[in-house]
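Have a look at the structure below, then the notes.
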Amino acid sequence: MSGLKPGPGILDIAPYKGGESAVAGIANPVKLSSNESPLGPSPVARKAFIDAAASLSRYPDGSWRALREAIALRHGLDPAHIVCGNGSDEILSLLGQIYLQPDDEVIYSEHGFLLYKIIAMASGARPIAVSETDLTGDVDAILAAVNERTRIVFIANPNNPTGTFIPEQDIRRLHAGLPGRVLLVLDAAYAEYVRRNDYESGIGLVAGADNIVMTRTFSKIYGLASLRLGWALAPPSVVDAIGRVRGPFNVNGPAIAAGAAAIADIAFEEKAVEHNATWRGWLESALSELGLTVTPSVGNFVLIHFPEDDKTAAAADQFLQQRGLILRRVKAYGLPNALRMTVGLEPDNRAVIAALGEFLEQ
């Protein structure tokens, strides 16, 4: 028998499981389980990806210059403060690798992204899930959980799977209450969808602070989930630390090209925002009319709560899948009787509402 064993705690980690994408016996199910953009990528991003095929034999630019400059131009930033990664997941994981040691603590909200717990455990740190108020991160509870072992606070803002957000003034209050040795990570994967005056993605918070990082992704509104592309805005010291441990070519060439084109296509982004706002509102109203409770969302998905009788989330999920409609069970997030639904195209949204109406009436 081999004596090779993973490090302490690794085998205690429950592997992350993404949204289902297939249903046995159904050829082309409607996938509304992973918050992917129903509009897909911008045509100019698609063209940039195809054109990049001419250079597949060469290594990509390890400094992601074209992508960093496109991001900086779009948001008015200094390219030197931008880090790109193989999805924002890679950047989040690198932060854990850099700043966590065994017996440190990582704080995140009760229904936060499951990756935060994995990042903590992979470094031998202790994950601390802090209770929420009305399915929204509670700044006072988070601050009360901070102690001398706390090293990172992860905040998904907006949060997945709840769709709620912490207002800018409370995020600023959270940062002000953290010791300088604690890194505040604002995971703003859904920031582009938010149209609220009291929301701040993190761009305005990183400047002038040396313990805040904001991460963003191209997987959602830009429709590039398959390319695995993300970025972060970070203080120089954090940028330097990431540069010392990341892979030399951690973002592939076609992803760099497509990402740079996508973020420059503002008209397509606005089209995606408008589609989402229209159909998210429609879904919330239609679900409420069916008698289901929906948590108000600012993302590109809605969280649907089911009654505690025989019309449970598990039963609804089975019913929907039999009709080729895949939503996301969120039991692993501590929400056993809810389903998360991505805002889809009009026919798909209507199909889900019709099916749920049939399920509730049977």
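So you can find residues: chains in the structure tokens are A, B, ... in the order shown, residues in each start at 1, and ligands are numbered from 1 in order.
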- Message: Env of range 50-64 of chain A: 6 Å cut, atoms = only C-alpha atoms, seq-sep filter 6 positions within chain, self excluded. Answer as an MDAnalysis selection string.
- Response: chainID A and resid 248:249 252:254
- Query: A:Asn337, A:Glu20, A:Val302, A:Leu115: which is nearest Ser285 in chain A, counting only C-alpha atoms?
  - Reply: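 Ranked by minimum distance to Ser285 in chain A, first place goes to A:Val302.
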- When you draw a straight line from CA of His305 in chain A to CA of Met341 in chain A, how long is it in Å?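 Calculated distance between CA of His305 in chain A and CA of Met341 in chain A is 11.0 Å.
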- Item | Contacts of range 170-176 of chain A within 8 Å, only C-alpha atoms, excl. fewer than 4 positions in-chain, as a list in words |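 So, after excluding close chain neighbours, the residues are Val139, Asp140, Leu143, Ile166, Leu184 and Leu205 of chain A.
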- Message: I need the residue nearest Arg323 in chain A from this list: A:Ala27, A:Ala232, A:Ala225, A:Ile155. Use only C-alpha atoms for the distance.
- Response: A:Ala27
- Task: Select from range 39-236 of chain A everything DSSP, run on the backbone, classes as strand (DSSP E), then give the selection as an NGL selection string.
- Result: :A and (82-85 or 105-109 or 126-130 or 150-156 or 183-187 or 212-217 or 230-233)
Taking N, CA and C atoms for each residue, export the selection above as an mmCIF file, in the first residue's frame.
```cif
data_model
loop_
_atom_site.group_PDB
_atom_site.id
_atom_site.type_symbol
_atom_site.label_atom_id
_atom_site.label_comp_id
_atom_site.auth_asym_id
_atom_site.auth_seq_id
_atom_site.Cartn_x
_atom_site.Cartn_y
_atom_site.Cartn_z
ATOM 1 N N ILE A 82 -4.086 45.736 -11.808
ATOM 2 C CA ILE A 82 -4.994 44.697 -12.278
ATOM 3 C C ILE A 82 -4.251 43.374 -12.425
ATOM 4 N N VAL A 83 -4.876 42.321 -11.921
ATOM 5 C CA VAL A 83 -4.371 40.956 -12.051
ATOM 6 C C VAL A 83 -5.425 40.138 -12.786
ATOM 7 N N CYS A 84 -5.002 39.305 -13.726
ATOM 8 C CA CYS A 84 -5.942 38.458 -14.449
ATOM 9 C C CYS A 84 -5.699 36.997 -14.097
ATOM 10 N N GLY A 85 -6.757 36.209 -14.215
ATOM 11 C CA GLY A 85 -6.623 34.819 -13.808
ATOM 12 C C GLY A 85 -7.497 33.884 -14.601
ATOM 13 N N GLU A 105 -8.102 31.932 10.473
ATOM 14 C CA GLU A 105 -9.543 31.838 10.253
ATOM 15 C C GLU A 105 -9.971 32.674 9.052
ATOM 16 N N VAL A 106 -10.949 32.162 8.345
ATOM 17 C CA VAL A 106 -11.530 32.821 7.178
ATOM 18 C C VAL A 106 -13.018 33.024 7.440
ATOM 19 N N ILE A 107 -13.481 34.243 7.296
ATOM 20 C CA ILE A 107 -14.885 34.575 7.546
ATOM 21 C C ILE A 107 -15.619 34.793 6.230
ATOM 22 N N TYR A 108 -16.829 34.274 6.159
ATOM 23 C CA TYR A 108 -17.721 34.513 5.019
ATOM 24 C C TYR A 108 -19.149 34.413 5.534
ATOM 25 N N SER A 109 -20.107 34.884 4.768
ATOM 26 C CA SER A 109 -21.489 34.867 5.244
ATOM 27 C C SER A 109 -22.101 33.482 5.080
ATOM 28 N N ARG A 126 -9.340 27.683 9.358
ATOM 29 C CA ARG A 126 -10.675 27.347 9.848
ATOM 30 C C ARG A 126 -11.717 28.235 9.184
ATOM 31 N N PRO A 127 -12.696 27.650 8.485
ATOM 32 C CA PRO A 127 -13.755 28.449 7.863
ATOM 33 C C PRO A 127 -14.818 28.837 8.886
ATOM 34 N N ILE A 128 -15.178 30.116 8.906
ATOM 35 C CA ILE A 128 -16.174 30.625 9.847
ATOM 36 C C ILE A 128 -17.342 31.209 9.051
ATOM 37 N N ALA A 129 -18.469 30.521 9.062
ATOM 38 C CA ALA A 129 -19.673 31.006 8.391
ATOM 39 C C ALA A 129 -20.493 31.829 9.378
ATOM 40 N N VAL A 130 -20.693 33.100 9.065
ATOM 41 C CA VAL A 130 -21.399 34.028 9.949
ATOM 42 C C VAL A 130 -22.858 34.145 9.522
ATOM 43 N N THR A 150 -8.163 35.828 12.593
ATOM 44 C CA THR A 150 -8.806 36.157 11.315
ATOM 45 C C THR A 150 -7.789 36.729 10.332
ATOM 46 N N ARG A 151 -7.775 36.195 9.105
ATOM 47 C CA ARG A 151 -6.843 36.683 8.086
ATOM 48 C C ARG A 151 -7.549 37.174 6.830
ATOM 49 N N ILE A 152 -8.664 36.537 6.466
ATOM 50 C CA ILE A 152 -9.392 36.940 5.259
ATOM 51 C C ILE A 152 -10.883 36.983 5.566
ATOM 52 N N VAL A 153 -11.551 38.016 5.041
ATOM 53 C CA VAL A 153 -13.013 38.079 5.041
ATOM 54 C C VAL A 153 -13.463 38.104 3.592
ATOM 55 N N PHE A 154 -14.195 37.065 3.178
ATOM 56 C CA PHE A 154 -14.738 36.993 1.818
ATOM 57 C C PHE A 154 -16.176 37.499 1.832
ATOM 58 N N ILE A 155 -16.461 38.449 0.949
ATOM 59 C CA ILE A 155 -17.821 38.960 0.791
ATOM 60 C C ILE A 155 -18.213 38.863 -0.678
ATOM 61 N N ALA A 156 -19.180 38.007 -0.979
ATOM 62 C CA ALA A 156 -19.744 37.974 -2.330
ATOM 63 C C ALA A 156 -20.812 39.051 -2.385
ATOM 64 N N LEU A 183 -7.397 40.779 5.332
ATOM 65 C CA LEU A 183 -7.678 41.100 3.935
ATOM 66 C C LEU A 183 -9.179 40.983 3.670
ATOM 67 N N LEU A 184 -9.779 42.066 3.167
ATOM 68 C CA LEU A 184 -11.180 42.058 2.767
ATOM 69 C C LEU A 184 -11.243 41.789 1.268
ATOM 70 N N VAL A 185 -11.888 40.687 0.894
ATOM 71 C CA VAL A 185 -12.007 40.318 -0.519
ATOM 72 C C VAL A 185 -13.459 40.488 -0.941
ATOM 73 N N LEU A 186 -13.687 41.389 -1.878
ATOM 74 C CA LEU A 186 -15.022 41.660 -2.406
ATOM 75 C C LEU A 186 -15.171 40.929 -3.740
ATOM 76 N N ASP A 187 -15.939 39.872 -3.720
ATOM 77 C CA ASP A 187 -16.179 39.047 -4.900
ATOM 78 C C ASP A 187 -17.395 39.615 -5.618
ATOM 79 N N ILE A 212 -7.646 45.533 0.725
ATOM 80 C CA ILE A 212 -8.885 45.217 0.013
ATOM 81 C C ILE A 212 -8.536 44.734 -1.391
ATOM 82 N N VAL A 213 -9.209 43.672 -1.825
ATOM 83 C CA VAL A 213 -9.117 43.189 -3.198
ATOM 84 C C VAL A 213 -10.532 43.024 -3.728
ATOM 85 N N MET A 214 -10.760 43.463 -4.963
ATOM 86 C CA MET A 214 -12.037 43.220 -5.625
ATOM 87 C C MET A 214 -11.802 42.266 -6.781
ATOM 88 N N THR A 215 -12.629 41.215 -6.888
ATOM 89 C CA THR A 215 -12.525 40.299 -8.022
ATOM 90 C C THR A 215 -13.766 40.413 -8.903
ATOM 91 N N ARG A 216 -13.564 40.198 -10.204
ATOM 92 C CA ARG A 216 -14.650 40.230 -11.191
ATOM 93 C C ARG A 216 -14.470 39.054 -12.151
ATOM 94 N N THR A 217 -15.496 38.783 -12.944
ATOM 95 C CA THR A 217 -15.441 37.646 -13.853
ATOM 96 C C THR A 217 -15.988 38.012 -15.228
ATOM 97 N N GLY A 230 -11.055 35.781 -15.364
ATOM 98 C CA GLY A 230 -11.434 36.709 -14.305
ATOM 99 C C GLY A 230 -10.331 37.726 -14.082
ATOM 100 N N TRP A 231 -10.638 38.717 -13.254
ATOM 101 C CA TRP A 231 -9.626 39.727 -12.960
ATOM 102 C C TRP A 231 -9.845 40.286 -11.561
ATOM 103 N N ALA A 232 -8.825 40.939 -11.062
ATOM 104 C CA ALA A 232 -8.902 41.553 -9.741
ATOM 105 C C ALA A 232 -8.259 42.924 -9.771
ATOM 106 N N LEU A 233 -8.793 43.805 -8.942
ATOM 107 C CA LEU A 233 -8.178 45.097 -8.676
ATOM 108 C C LEU A 233 -7.610 45.003 -7.275
#
```
- Message: Please compute the CA of Ile221 in chain A-CA of Ser37 in chain A distance, one decimal, in Å.
- Response: 5.7 Å
- Query: range 294-299 of chain A: which residues within 7 Å, counting only C-alpha atoms, same-chain residues fewer than 2 positions away excluded, as a PyMOL selection string?
  - Reply: chain A and resi 158+162-164+190+193-194+284+288+292+301-305
- Top pick for closest residue to Ala277 in chain A, considering A:Asn159, A:Asn28, A:Gln318, A:Asn300 and counting only C-alpha atoms: A:Asn300
- Correct to one decimal, the distance CA of Ala207 in chain A-CA of Ile263 in chain A is 21.4 Å
- Query: Near Arg228 in chain A, within 8 Å and counting only C-alpha atoms, which residues show up once chain neighbours fewer than 5 positions away are dropped, as a ChimeraX atom specification?
  - Reply: /A:86-87,218-219,255
Okay, now the selection with C-alpha atoms, as a PDB file, in the first residue's frame?
```
ATOM      1  CA  ASN A  86      -8.067  31.537 -15.015  1.00  0.00           C
ATOM      2  CA  GLY A  87     -11.449  32.608 -13.722  1.00  0.00           C
ATOM      3  CA  PHE A 218     -16.088  37.360 -17.582  1.00  0.00           C
ATOM      4  CA  SER A 219     -18.238  34.262 -17.020  1.00  0.00           C
ATOM      5  CA  ALA A 255      -9.360  34.201 -23.555  1.00  0.00           C
TER       6      ALA A 255
END
```
